[in-house]
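Just below is one structure, and these are the notes that go with it.
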Amino acid sequence: MRSSLQAVALWGRKAPPHSITAIMITDDQQMIVTGSQEGQLCLWNLSSELKISAKELLFGHSASVTCLARARDFSKHPFIVSAAENGEMCVWNVTNGQCVEKATLPYRHTAICYYHCSFRMIGEGWLLCCGEYQDVLIIDAKSLVIIHTFISSQSPDWINCMCIVHSMRIQEDSLLVVSVAGELKVWDLSSSINSIQEKQDVYEKESKFLNSLNCRTIRFCTYTERLLLVVFSKCWKVYDYCDFSLLWTEVSGGGQFFAGGEVLAAHRIIIWTEDGHSYIYQLLNSGLSKSIYPADGRVLKETIYPHLLCSTSVQENKSLPFVMGYMNERKEPFYKVLFSGEVSGRITLWHIPDVPVSKFDGSPKEIPITTTWTLQDNFDKHHTMSQSIIDYFSGFRDENGIAVVTSSEYVPSLDKLICGCEDGTIFITQALNAAKAGLLEGGSLLKDSLPQKVLKGHHHSVTSLLYPHGLSSKLDQSWLVSGDQDSWVILWDIFTEEILHKFFLQAGLVTSLLMSPENFKLRSHQVICCVCSDHSVALLHLEGRRCLLSARKHLFPVKMIKWHPVENFLIVGCADDSVYIWEIETGTLERHETGERARIILNCCEDSQLLKPESVLPVASETRKHKSVEQRSPSSYQFGPIPCPGLQVESSCKVADAKCFSGPFNVLPVKTKWSNIGFHILLFDLENLVELLLPTPICDVDPSNSFYGSEILRRAKSTVEKKTLTLKRNKTACGPLSVEAQAKPVSESPAQGENTMKLSEENDVIKRQKKIKSSKKMHPKQSRKVNANLTIDTAKLLLSCLLPWGVDKELDNLCIKHLNILKLQGPVSLGLASNEDHFSLMLPGWDLCNAEMKKDYSKVNLFSRKVLDLSNKYTSTLPNQAGMPRRPENNSDSLQEPNTIFYLLSKLFLVNKLVNMPLELACGIDSSFTMESVHKKMKSPGNDILNISSFYGYLRNGKSESHLPEADVSLLKLISCWKDQSVQVTEAIQAVLLAEVQQHMKTLTKKTVDSEPVLVAENGDYEMTQILPKTEWAKEPELQCITDTLPLQTPVSPVKHDSNSNSANFQDTEDMPDRCVLEESENPGERRHHLWIAKVCSCKLC
Amino acid sequence: MATVMAATAAERAVLEEEFRWLLHDEVHAVLRQLQDILKEASLRFTLPGSGTEGPTKQENFILGSCGTDQVKGVLTLQGDALSQADVNLKMPRNNQLLHFAFREDKQWKLQQIQDARNHVSQAIYLLANREESYQFRTGAEVLKLMDAVMLQLTRARNRLTTPATLTLPEIAASGLTRMFAPALPSDLLVNVYISLNKLCLTVYQLHVLQPNSTKNFRPAGGAVLHSPGAMFEWGAQRLEVSHVHKVECVIPWLNDALVFFTVSLQLCQQLKDKISVFSSYWSYRPF
């Protein structure tokens, strides 16, 4: 996902499946993290009353998640690590859902333990990992690089489970593991840190054969420092930690499998099973009875036996297996919680009493379930906010309810969304309007007016769609190919809604439709390839309206399709790593290969460049990626190629994200594994939007003005400014230097035009590249001018999604009236991308997750409480409140709306850029306070910021904005220091948007206060500023102050100015400013309202 | 909607009945069959610690190649470990006979066999969880289970079919070279691996590249079997492979295991296919 992309999820009514495979509660007991078989992580908010609510889904893994663990000292960094079946590892920041670090190693972990020893260790600590490989890997928690391994000298084997023992008594941390074969091994941890760091071999200290298989958990009793609890799938045992002598064995009864256990207190343990039951035992001392254990042959000093105190169980609708955990917190506000996650996606919590007791008669007591929750519950509770993109279809359908979309395809060139439904109908609709209808208030009015087409021809659910023109422009624009569950493939004309031809494949459900690459032609046309669920493959010739080949020999699902244009071969790769080569003309099976040879065939096709990305199934690219990973790692004898289970679009998110799309708006259908539930993601490309919006205002608004000169001057200034920054970052220093700067542009301005390139020679290469890029994009822009309305609409929709509706009712109304945008129906589910293929999506109801927010702002589209503070900070840094996009408004009212939108979007883009800036540039702004270092540090961020701002200058291209670079710099500084305070992009964007909109609306209100009489004078002032641009720029603020006949008093105190770069002050001022905003905006509220009506009227007249 | 799904109510009822039978009876029958096959397969790997106590039995394999008899090896396999090895090498130049054997106290784990065995027991464990008493409620549940089992089985098979691709320095650094008594001469490298059903032993004879040699030095990448002429840097020296000897021997029980893997994979896939026939039901009609 590109950084300038903004994603909004349209979830629909059904929650995506989330089969929990791993679960943990964070140390602050405020969040539950689950990992799923589908590969996503889910963050659930856990309130202080132990209420659960799902907050967001984290996408990133392409295979089932195997384990989760803490990755840092949680109080300092709320990081967790997740590992997947295919060797992927990710470190996530669970407060904002961002992926902090990722790696793919050729190891599959089944358990991870975080270990940090502050006084002996440098760095962020270790992740001790075990899994489907020998012994224990030590991975650096920060970089996810393998540091070393703990090696066993005795019978090395896979390790099943482990635990870290901090023993106060012997002042040594130890690592206890149990291998697959049932061998208990102990490594010294704290005393071997040095040898590990020096890469010396560390062997186990002790090792003992436990005589049971399938160990699930090993736990050390920290209360007695004596007992060791080891849970095997068929029994659990208690050992004496001192000499590893067996104290008790409890065998499971009734076909139950134990899954884990934990020590509750001294001599009290809890054991849970795979089917979701748990048992709390008191370990009693049997006193005098001494017994001899044959395995040891030693007499035990004491023997214990368990007494069942309490038990828990789940409701009847159980599905195996359960993953459970226990959180033992002795501190006051925390609970002792037993938690479980099911394959069905249900989370259940039990609050375990501090002192569990049995009933009076001694029989075990049942502890009731405290809470239980599923993703679907979230969707049901907040279903107004979980609009799906086609929900409005239900409007004209009969009572049966919502059409379930089984496949969908977005055609960017037509802005059409094509949805195939379960009942066989295909809807074609304007995607943007559909999105609006789903998201915005009053969008329901749109429903009736929506132009839509319904194609009826299939009798069973439509399973796959293909729009051939989207892949190859040579093909007919009206064609659409759809395949259904009954093995029918229909060729449609989407404009006339006619069926052009029906193909009957006589195979299974059509799972996917692909098109041959452009270099592969058969009878001078490209062919369509249909992959069916019975593993057969059929080739269709659309022009000839006939089926060319149906290949039915495959025993395993088809994973990969490749084309051999020279010899007319179709190469089919199957899930079992076998390869079938079909001759297309004759329809005969030319060759069938397995194993090594098959791999070679597939690989050599790759080399000869016959493979086009379009022709490969998503999964294919997926597996290829893995192979390359394995080849890269030198001693990768861990696995051969990893088969990805099922031909599924599990990675569709990634694939589509990676695909560069040209438009500013895109709809991404996402299908989930093992189910037909899907949802849509709307993608807005901010950069593209800004570029597209750009030309229209300038060309038409004021072509005669002298903005060219001023523009160049401004740019020149900013470049010079940059130099001054590198020399000395000082406000006073700017003044004189900028005078010099003005001389230069004057001499250069005659040569202007393409001369800008020359100017930019001085600048960084980056900037130039950006310019080239943007100038390239100018060309298609002209041709796309037809879509201007669409672009504006897209921009408006994006603004609607980002605005914090409901924070300030007045502001909402102003926005609706003035910007002509619609209000959201409810908080929107925004996506946040951390890098190319890791991103998070908010779930419906995320807004209720923050406890503090619940009180004041329910149903408010406020991304976090922080936004208000940030927005205040921003407002206070704004140098001259009135100096924004005023001029265009004055010029003509009809034009102000697009201009304002453009202005806002470009601001957002800038913020987005800044916050996404590489960390090295932005870091360190507030890390130290000495002046010198401030100078030093300011260099790099300042440079980059100015690059961006000057790039902006170029983008704006003469749009007469009186932005002082100096003011810019302070704003930019502010924004880039947000980054250090772990402000999310979305938060920053919303904050800036809020501030800018507030400012903007204020100026408008003010203008109408002054209204007609002053207007002339004001205009005069503006003309002056327009004439004057060549004069001293540093004087501009004063000028502005003069023009501000009614300056709105917002806190522009120098004190605050300074405090912005100081993160420590943030907390102190946190409560104050946000009250400020509310008061501020409420004070002039009523008056403004009336004025606004007048304003609107005049607008309409114009 | 119901009318669309099946032509008539009767037809639909029959389909439902059939699907219920599939979930309740057929799936368990297949799972049992799978378990039997996999247990049979895991027996081949002679799991230590399971059932009979005492040392696992030893098997001797005489490795040879059909062509020359320059290298002969007798390897003793004990479960997943090589407990003894005797390698006889006839030097091609002077026909001098070299002989090395494992040190008495050392064993060499064949990681491939260990991994394959562990993968199989993982698969068995997955299946053992769903005994007769367990009722499958949705088809998706079966598919997920089958996917998990197939993943383990494919990995098990791939571990045997695809030996590690090692670079020459990695072979030189491996513990195997230190296993021998007397120690291997510095101009010899030995590697042991499993390829499909065969136990393979490769012996590389090396010679030192002179620093002033005109030969273009290009270090070889990773490979299962390096060819003569492959070069690498080890210590301060640049070395080149002059001769490669590969001898192998079929391990009968590995062959069996591979057959079992293939059969059970097919069984899994067939069960998945059966479930998929009803895919229109399972997704939204849990029983």
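Ordering of the structure tokens sets the chain letters (A, B, ...); residue numbers start at 1 within each chain; ligands are numbered from 1 in the order shown.
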
Compile the residues of chain B that lie within 9 Å of chain A, evaluated using only C-alpha atoms, and express the compilation as a PyMOL selection string.
chain B and resi 1+4-5+47-50+109+111-112+114-115+118-119+125+129-131+134-137+140-141+143-144+147-148+150-151+154-159+161-167+170+221-222+265-266+269-270+273+276-277+280+282-284

I want to know what sits within 6 Å of region 510-519 of chain A, based on only C-alpha atoms, with residues of the same chain fewer than 4 positions away left out; could you give that as a count of residues only?
14

Can you tell me, as number ranges by chain, what residues are no more than 10 Å from region 177-193 of chain B when counting only C-alpha atoms, ignoring any on the same chain fewer than 5 positions away?
B: 75, 82, 84-87, 98-108, 110-113, 160, 162-164, 166, 168-169, 171-172, 198-208, 224-225, 239-248

To test your reading of the structure, identify every residue in region 65-146 of chain B that backbone DSSP assigns to strand (DSSP E), and report it as an MDAnalysis selection string.
chainID B and resid 71:78 81:90 97:102 108:109

Would you export the selected residues with N, CA and C atoms as a PDB file, in the first residue's frame, please?
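To be explicit, this is the file written out as selection_33.pdb:
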```pdb
ATOM      1  N   VAL B  71      34.642 -45.138  -3.900  1.00  0.00           N
ATOM      2  CA  VAL B  71      34.195 -44.876  -2.541  1.00  0.00           C
ATOM      3  C   VAL B  71      33.245 -45.976  -2.130  1.00  0.00           C
ATOM      4  N   LYS B  72      33.473 -46.471  -0.944  1.00  0.00           N
ATOM      5  CA  LYS B  72      32.534 -47.427  -0.380  1.00  0.00           C
ATOM      6  C   LYS B  72      32.215 -46.975   1.031  1.00  0.00           C
ATOM      7  N   GLY B  73      30.957 -47.069   1.400  1.00  0.00           N
ATOM      8  CA  GLY B  73      30.625 -46.652   2.742  1.00  0.00           C
ATOM      9  C   GLY B  73      29.664 -47.629   3.383  1.00  0.00           C
ATOM     10  N   VAL B  74      29.872 -47.854   4.638  1.00  0.00           N
ATOM     11  CA  VAL B  74      28.910 -48.636   5.408  1.00  0.00           C
ATOM     12  C   VAL B  74      28.393 -47.730   6.516  1.00  0.00           C
ATOM     13  N   LEU B  75      27.122 -47.397   6.412  1.00  0.00           N
ATOM     14  CA  LEU B  75      26.543 -46.497   7.394  1.00  0.00           C
ATOM     15  C   LEU B  75      25.555 -47.261   8.253  1.00  0.00           C
ATOM     16  N   THR B  76      25.587 -46.974   9.528  1.00  0.00           N
ATOM     17  CA  THR B  76      24.658 -47.624  10.452  1.00  0.00           C
ATOM     18  C   THR B  76      23.648 -46.602  10.936  1.00  0.00           C
ATOM     19  N   LEU B  77      22.396 -46.910  10.678  1.00  0.00           N
ATOM     20  CA  LEU B  77      21.326 -45.994  11.028  1.00  0.00           C
ATOM     21  C   LEU B  77      20.608 -46.521  12.254  1.00  0.00           C
ATOM     22  N   GLN B  78      20.462 -45.657  13.237  1.00  0.00           N
ATOM     23  CA  GLN B  78      19.736 -46.037  14.435  1.00  0.00           C
ATOM     24  C   GLN B  78      18.625 -45.013  14.626  1.00  0.00           C
ATOM     25  N   ALA B  81      19.364 -41.342  13.592  1.00  0.00           N
ATOM     26  CA  ALA B  81      20.760 -40.952  13.785  1.00  0.00           C
ATOM     27  C   ALA B  81      21.697 -41.955  13.132  1.00  0.00           C
ATOM     28  N   LEU B  82      22.786 -41.420  12.624  1.00  0.00           N
ATOM     29  CA  LEU B  82      23.844 -42.285  12.123  1.00  0.00           C
ATOM     30  C   LEU B  82      24.735 -42.615  13.309  1.00  0.00           C
ATOM     31  N   SER B  83      24.787 -43.900  13.663  1.00  0.00           N
ATOM     32  CA  SER B  83      25.589 -44.217  14.833  1.00  0.00           C
ATOM     33  C   SER B  83      26.997 -44.651  14.443  1.00  0.00           C
ATOM     34  N   GLN B  84      27.133 -45.234  13.282  1.00  0.00           N
ATOM     35  CA  GLN B  84      28.466 -45.635  12.836  1.00  0.00           C
ATOM     36  C   GLN B  84      28.617 -45.348  11.362  1.00  0.00           C
ATOM     37  N   ALA B  85      29.823 -45.090  10.966  1.00  0.00           N
ATOM     38  CA  ALA B  85      30.084 -44.897   9.548  1.00  0.00           C
ATOM     39  C   ALA B  85      31.496 -45.384   9.238  1.00  0.00           C
ATOM     40  N   ASP B  86      31.588 -46.108   8.187  1.00  0.00           N
ATOM     41  CA  ASP B  86      32.909 -46.526   7.710  1.00  0.00           C
ATOM     42  C   ASP B  86      33.005 -46.126   6.256  1.00  0.00           C
ATOM     43  N   VAL B  87      33.983 -45.319   5.957  1.00  0.00           N
ATOM     44  CA  VAL B  87      34.124 -44.859   4.578  1.00  0.00           C
ATOM     45  C   VAL B  87      35.490 -45.282   4.071  1.00  0.00           C
ATOM     46  N   ASN B  88      35.476 -45.929   2.937  1.00  0.00           N
ATOM     47  CA  ASN B  88      36.725 -46.322   2.286  1.00  0.00           C
ATOM     48  C   ASN B  88      36.856 -45.536   0.994  1.00  0.00           C
ATOM     49  N   LEU B  89      37.969 -44.884   0.852  1.00  0.00           N
ATOM     50  CA  LEU B  89      38.162 -44.047  -0.328  1.00  0.00           C
ATOM     51  C   LEU B  89      39.450 -44.452  -1.027  1.00  0.00           C
ATOM     52  N   LYS B  90      39.337 -44.793  -2.283  1.00  0.00           N
ATOM     53  CA  LYS B  90      40.514 -45.121  -3.074  1.00  0.00           C
ATOM     54  C   LYS B  90      40.915 -43.865  -3.818  1.00  0.00           C
ATOM     55  N   LEU B  97      44.557 -46.283  -0.362  1.00  0.00           N
ATOM     56  CA  LEU B  97      43.254 -46.533   0.269  1.00  0.00           C
ATOM     57  C   LEU B  97      43.159 -45.763   1.582  1.00  0.00           C
ATOM     58  N   LEU B  98      42.131 -44.915   1.675  1.00  0.00           N
ATOM     59  CA  LEU B  98      41.899 -44.175   2.909  1.00  0.00           C
ATOM     60  C   LEU B  98      40.686 -44.751   3.610  1.00  0.00           C
ATOM     61  N   HIS B  99      40.748 -44.759   4.934  1.00  0.00           N
ATOM     62  CA  HIS B  99      39.632 -45.299   5.702  1.00  0.00           C
ATOM     63  C   HIS B  99      39.319 -44.394   6.884  1.00  0.00           C
ATOM     64  N   PHE B 100      38.060 -43.994   6.995  1.00  0.00           N
ATOM     65  CA  PHE B 100      37.667 -43.226   8.186  1.00  0.00           C
ATOM     66  C   PHE B 100      36.445 -43.852   8.799  1.00  0.00           C
ATOM     67  N   ALA B 101      36.298 -43.630  10.078  1.00  0.00           N
ATOM     68  CA  ALA B 101      35.109 -44.108  10.782  1.00  0.00           C
ATOM     69  C   ALA B 101      34.676 -43.047  11.779  1.00  0.00           C
ATOM     70  N   PHE B 102      33.419 -43.143  12.204  1.00  0.00           N
ATOM     71  CA  PHE B 102      32.905 -42.243  13.242  1.00  0.00           C
ATOM     72  C   PHE B 102      33.614 -42.523  14.560  1.00  0.00           C
ATOM     73  N   TRP B 108      25.404 -38.901  14.627  1.00  0.00           N
ATOM     74  CA  TRP B 108      25.043 -37.801  13.735  1.00  0.00           C
ATOM     75  C   TRP B 108      23.559 -37.884  13.418  1.00  0.00           C
ATOM     76  N   LYS B 109      22.819 -36.860  13.874  1.00  0.00           N
ATOM     77  CA  LYS B 109      21.378 -36.830  13.612  1.00  0.00           C
ATOM     78  C   LYS B 109      21.136 -36.527  12.139  1.00  0.00           C
TER      79      LYS B 109
END
```

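Atom pair CA of Gly139 (chain B) / CA of Leu23 (chain B): separated by 7.3 Å.
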